[in-house]
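Worksheet: one structure, shown below.
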Number of protein chains: 2
Amino acid sequence: MTDLLSQRGDMDANETQPNIAPGGKRDRLIGAAKTLFYQRGVEQTSLADIAGAADIALGNVYYHFRTKDALVEAVIAAHGKDILDSLAHLNAESDPRARLRAYVRGGLKHQTQLARYGCPYGTLCAELDKSGGSAAQSASTLFNLYLEWLERQFRELARPDAAELALETLAAVQGAYVITQATHSPQHLERQVARLDRWLAELEGGAA
Amino acid sequence: MTDLLSQRGDMDANETQPNIAPGGKRDRLIGAAKTLFYQRGVEQTSLADIAGAADIALGNVYYHFRTKDALVEAVIAAHGKDILDSLAHLNAESDPRARLRAYVRGGLKHQTQLARYGCPYGTLCAELDKSGGSAAQSASTLFNLYLEWLERQFRELARPDAAELALETLAAVQGAYVITQATHSPQHLERQVARLDRWLAELEGGAA
DNA sequence: GTCTATACGCCGATAGAC
DNA sequence: GTCTATCGGCGTATAGAC
């Protein structure tokens with residue numbers, strides 16, 4: 001999980017400088033794959049679909065990624081970067097309680113997508129886990145990014161049970177996403193988010 | 001959702017009495033499919049896998065189910081029956097609070113499986129939802145069975161917010177399952193279940 | 001009803017021209 | 001680096017003997 005974000009896939013094989021420009025193509029492939037994997041699932045998305053969405057010839061995909069699995073890993077790494085970016089954004093909030101409340105309310109921004117396709121990370125983890133490949137382990141690290149951040153916030157609230165609260169919070173959010181997708185009801189998400197926001201607002205714990 | 005459990009698949013086409021014996025073969029196919037769909041996912045499970053696990057020739061599968069989708073629907077119906085059975089079992093508890101607590105503790109019986117493959121119904125719903133087929137709608141009815149039962153229990157506890165509490169409970173349980181699978185940690189499930197059990201024990205509400 | 005054999009299409013991956 | 005063409009394998013579904 002340490003070098004999850006520093007790795008650039010599997011390009012730098014043995015050449016000193018394979019290509020200076022990181023190339024829009026590689027990023028376009030990852031972006032298209034990220035979207036399609038999320039909407040249709042990994043197994044239901046063919047490399048031809050991804051290449052088409054990224055306007056790249058099918059055979060050329062293999063220049064950037066040796067196998068489909070390598071592309072999956074790159075998408076996971078891109079998700080990790082997205083998560084770190086959003087957490088950095090949350091850190092701009094004034095105090096830990098405000099950060100936590102902004103975190104749970106953040107799901108409302110993707111209400112429609114969540115109701116259709118569920119949580120991008122949760123559903124990806126669940127699918128890869130059943131496939132049994134090595135990518136499952138990489139995907140589970142995405143949750144750890146959230147857990148560590150959550151635990152830090154609760155510690156700053158001087159809560160001795162910070163680790164417990166972090167798990168409880170993540171579980172509550174994930175549960176809300178699951179029933180939101182299953183029922184296709186964005187209203188359910190609003191209700192659960194409002195409840196969690198209230199819970200955090202009333203949670204005991206002084207600022208550090 | 002009404003006739004989810006009464007349908008027997010798509011056998012009774014136009015024959016008066018196609019076959020008296022419901023046949024162990026059909027049930028064996030459904031049982032094998034239920035297990036494999038759960039462990040590997042629907043898309044990753046081929047009909048050859050299922051036929052092999054059920055000791056039935058591949059071509060013969062199509063005598064019992066016109067398409068793979070029909071088999072998926074039959075598995076969903078079987079899940080519905082399992083759920084109703086387990087709920088009927090819970091109804092043997094003396095009072096609604098005891099029934100609710102027995103429900104959340106029930107997950108501990110499948111701790112190992114949950115840590116490996118997640119919730120059988122939740123992961124199935126999530127996968128089918130992305131595939132876009134008609135089976136997704138059928139799968140979502142499984143959650144409704146739980147929601148209706150949960151709401152009934154909270155109503156018997158004289159809670160005016162019974163529907164809200166039902167959603168909250170189901171979301172909490174599903175969230176616990178998601179992080180249990182993602183972290184492969186049965187201990188996390190124990191922790192969350194214990195917390196929910198305590199919450200239910202201390203929840204205000206008199207017996208009806 | 002149950003089986004074997006096979007049609008047909010799609011997908012991951014490769015070869016090789018440019 | 002990028003493209004076209006294609007191989008090999010697998011999966012759903014069907015045909016037809018028994």
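Numbering starts fresh at 1 for the residues of each chain in the structure tokens, the chains themselves are lettered A, B, ... in the order given, and ligands are numbered from 1 as they appear.
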> Skipping near chain neighbours, those fewer than 2 positions away, what residues fall within 10 Å of Ala115 (chain B) using only C-alpha atoms (C1' of nucleotides), listed as a PyMOL selection string?
Replying inline: chain B and resi 110-113+117-119+177-189
> When the cut-off is 9 Å and we count only C-alpha atoms (C1' of nucleotides), which residues of chain B are near chain C, given as a PyMOL selection string?
Replying inline: chain B and resi 57+59-60+63
Near chain A, meaning an atom within 6 Å, which residues of chain B appear when counting only C-alpha atoms? Write them as a tab-separated table (two decimals) with C-alpha atoms, in the first residue's frame.
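Once everything was written out, this is part.tsv:
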chain	number	residue	atom	x	y	z
B	40	ARG	CA	-17.02	-16.25	-7.62
B	130	LYS	CA	-24.28	-3.08	-12.92
B	131	SER	CA	-25.05	-5.73	-15.49
B	140	SER	CA	-33.42	-5.86	-4.85
B	171	ALA	CA	-27.60	-0.13	6.55
B	172	ALA	CA	-25.57	-0.74	9.69
B	174	GLN	CA	-24.67	-4.17	5.46
B	175	GLY	CA	-21.92	-1.69	6.25
B	176	ALA	CA	-20.45	-4.08	8.77
B	182	ALA	CA	-12.84	-5.64	2.45
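When only C-alpha atoms (C1' of nucleotides) are used to measure the gap to DA13 (chain D), the shortest distance among B:Leu47, B:Leu203, B:Ala54, B:Ala162 belongs to B:Leu47.
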Compile a residue-level contact table for chain D against chain B at a cut-off of 9 Å, reporting for every qualifying residue the shortest atom pair and its distance in Å to one decimal, with only C-alpha atoms (C1' of nucleotides) counted, rows ordered by chain and ascending number, as CSV.
residue,atom,partner,partner_atom,distance
D:DG11,C1',B:Ser46,CA,6.7
D:DT12,C1',B:Lys68,CA,8.1
D:DA13,C1',B:Thr67,CA,8.0
D:DT14,C1',B:Gly59,CA,8.9
Okay, now the selection with C-alpha atoms (C1' of nucleotides), as a compact mmCIF listing (two decimals), in the first residue's frame?
# COMPACT_ATOMS: atom_id res chain seq x y z
C1' DG D 11 -18.78 -19.44 -22.86
C1' DT D 12 -23.64 -19.50 -24.18
C1' DA D 13 -26.68 -21.81 -26.62
C1' DT D 14 -28.37 -25.36 -30.05
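CA of Ala53 (chain B) sits 6.0 Å away from CA of Ala32 (chain B).
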> In Å to one decimal, how far is CA of Gly31 (chain B) from CA of Ile83 (chain B)?
Replying inline: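 Between CA of Ile83 (chain B) and CA of Gly31 (chain B) the gap is 14.9 Å.
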> Do you have the CA of Arg152 (chain A)-CA of Leu100 (chain A) distance handy?
Replying inline: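 Value for the CA of Arg152 (chain A)-CA of Leu100 (chain A) distance: 10.3 Å.
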>> For the structure I just gave you, how does DSSP split region 87-191 of chain B - specifically, which residues are alpha helix (DSSP H)? Reply as number ranges by chain.
In response: B: 87-90, 96-106, 111-117, 120-131, 135-156, 162-183, 186-191
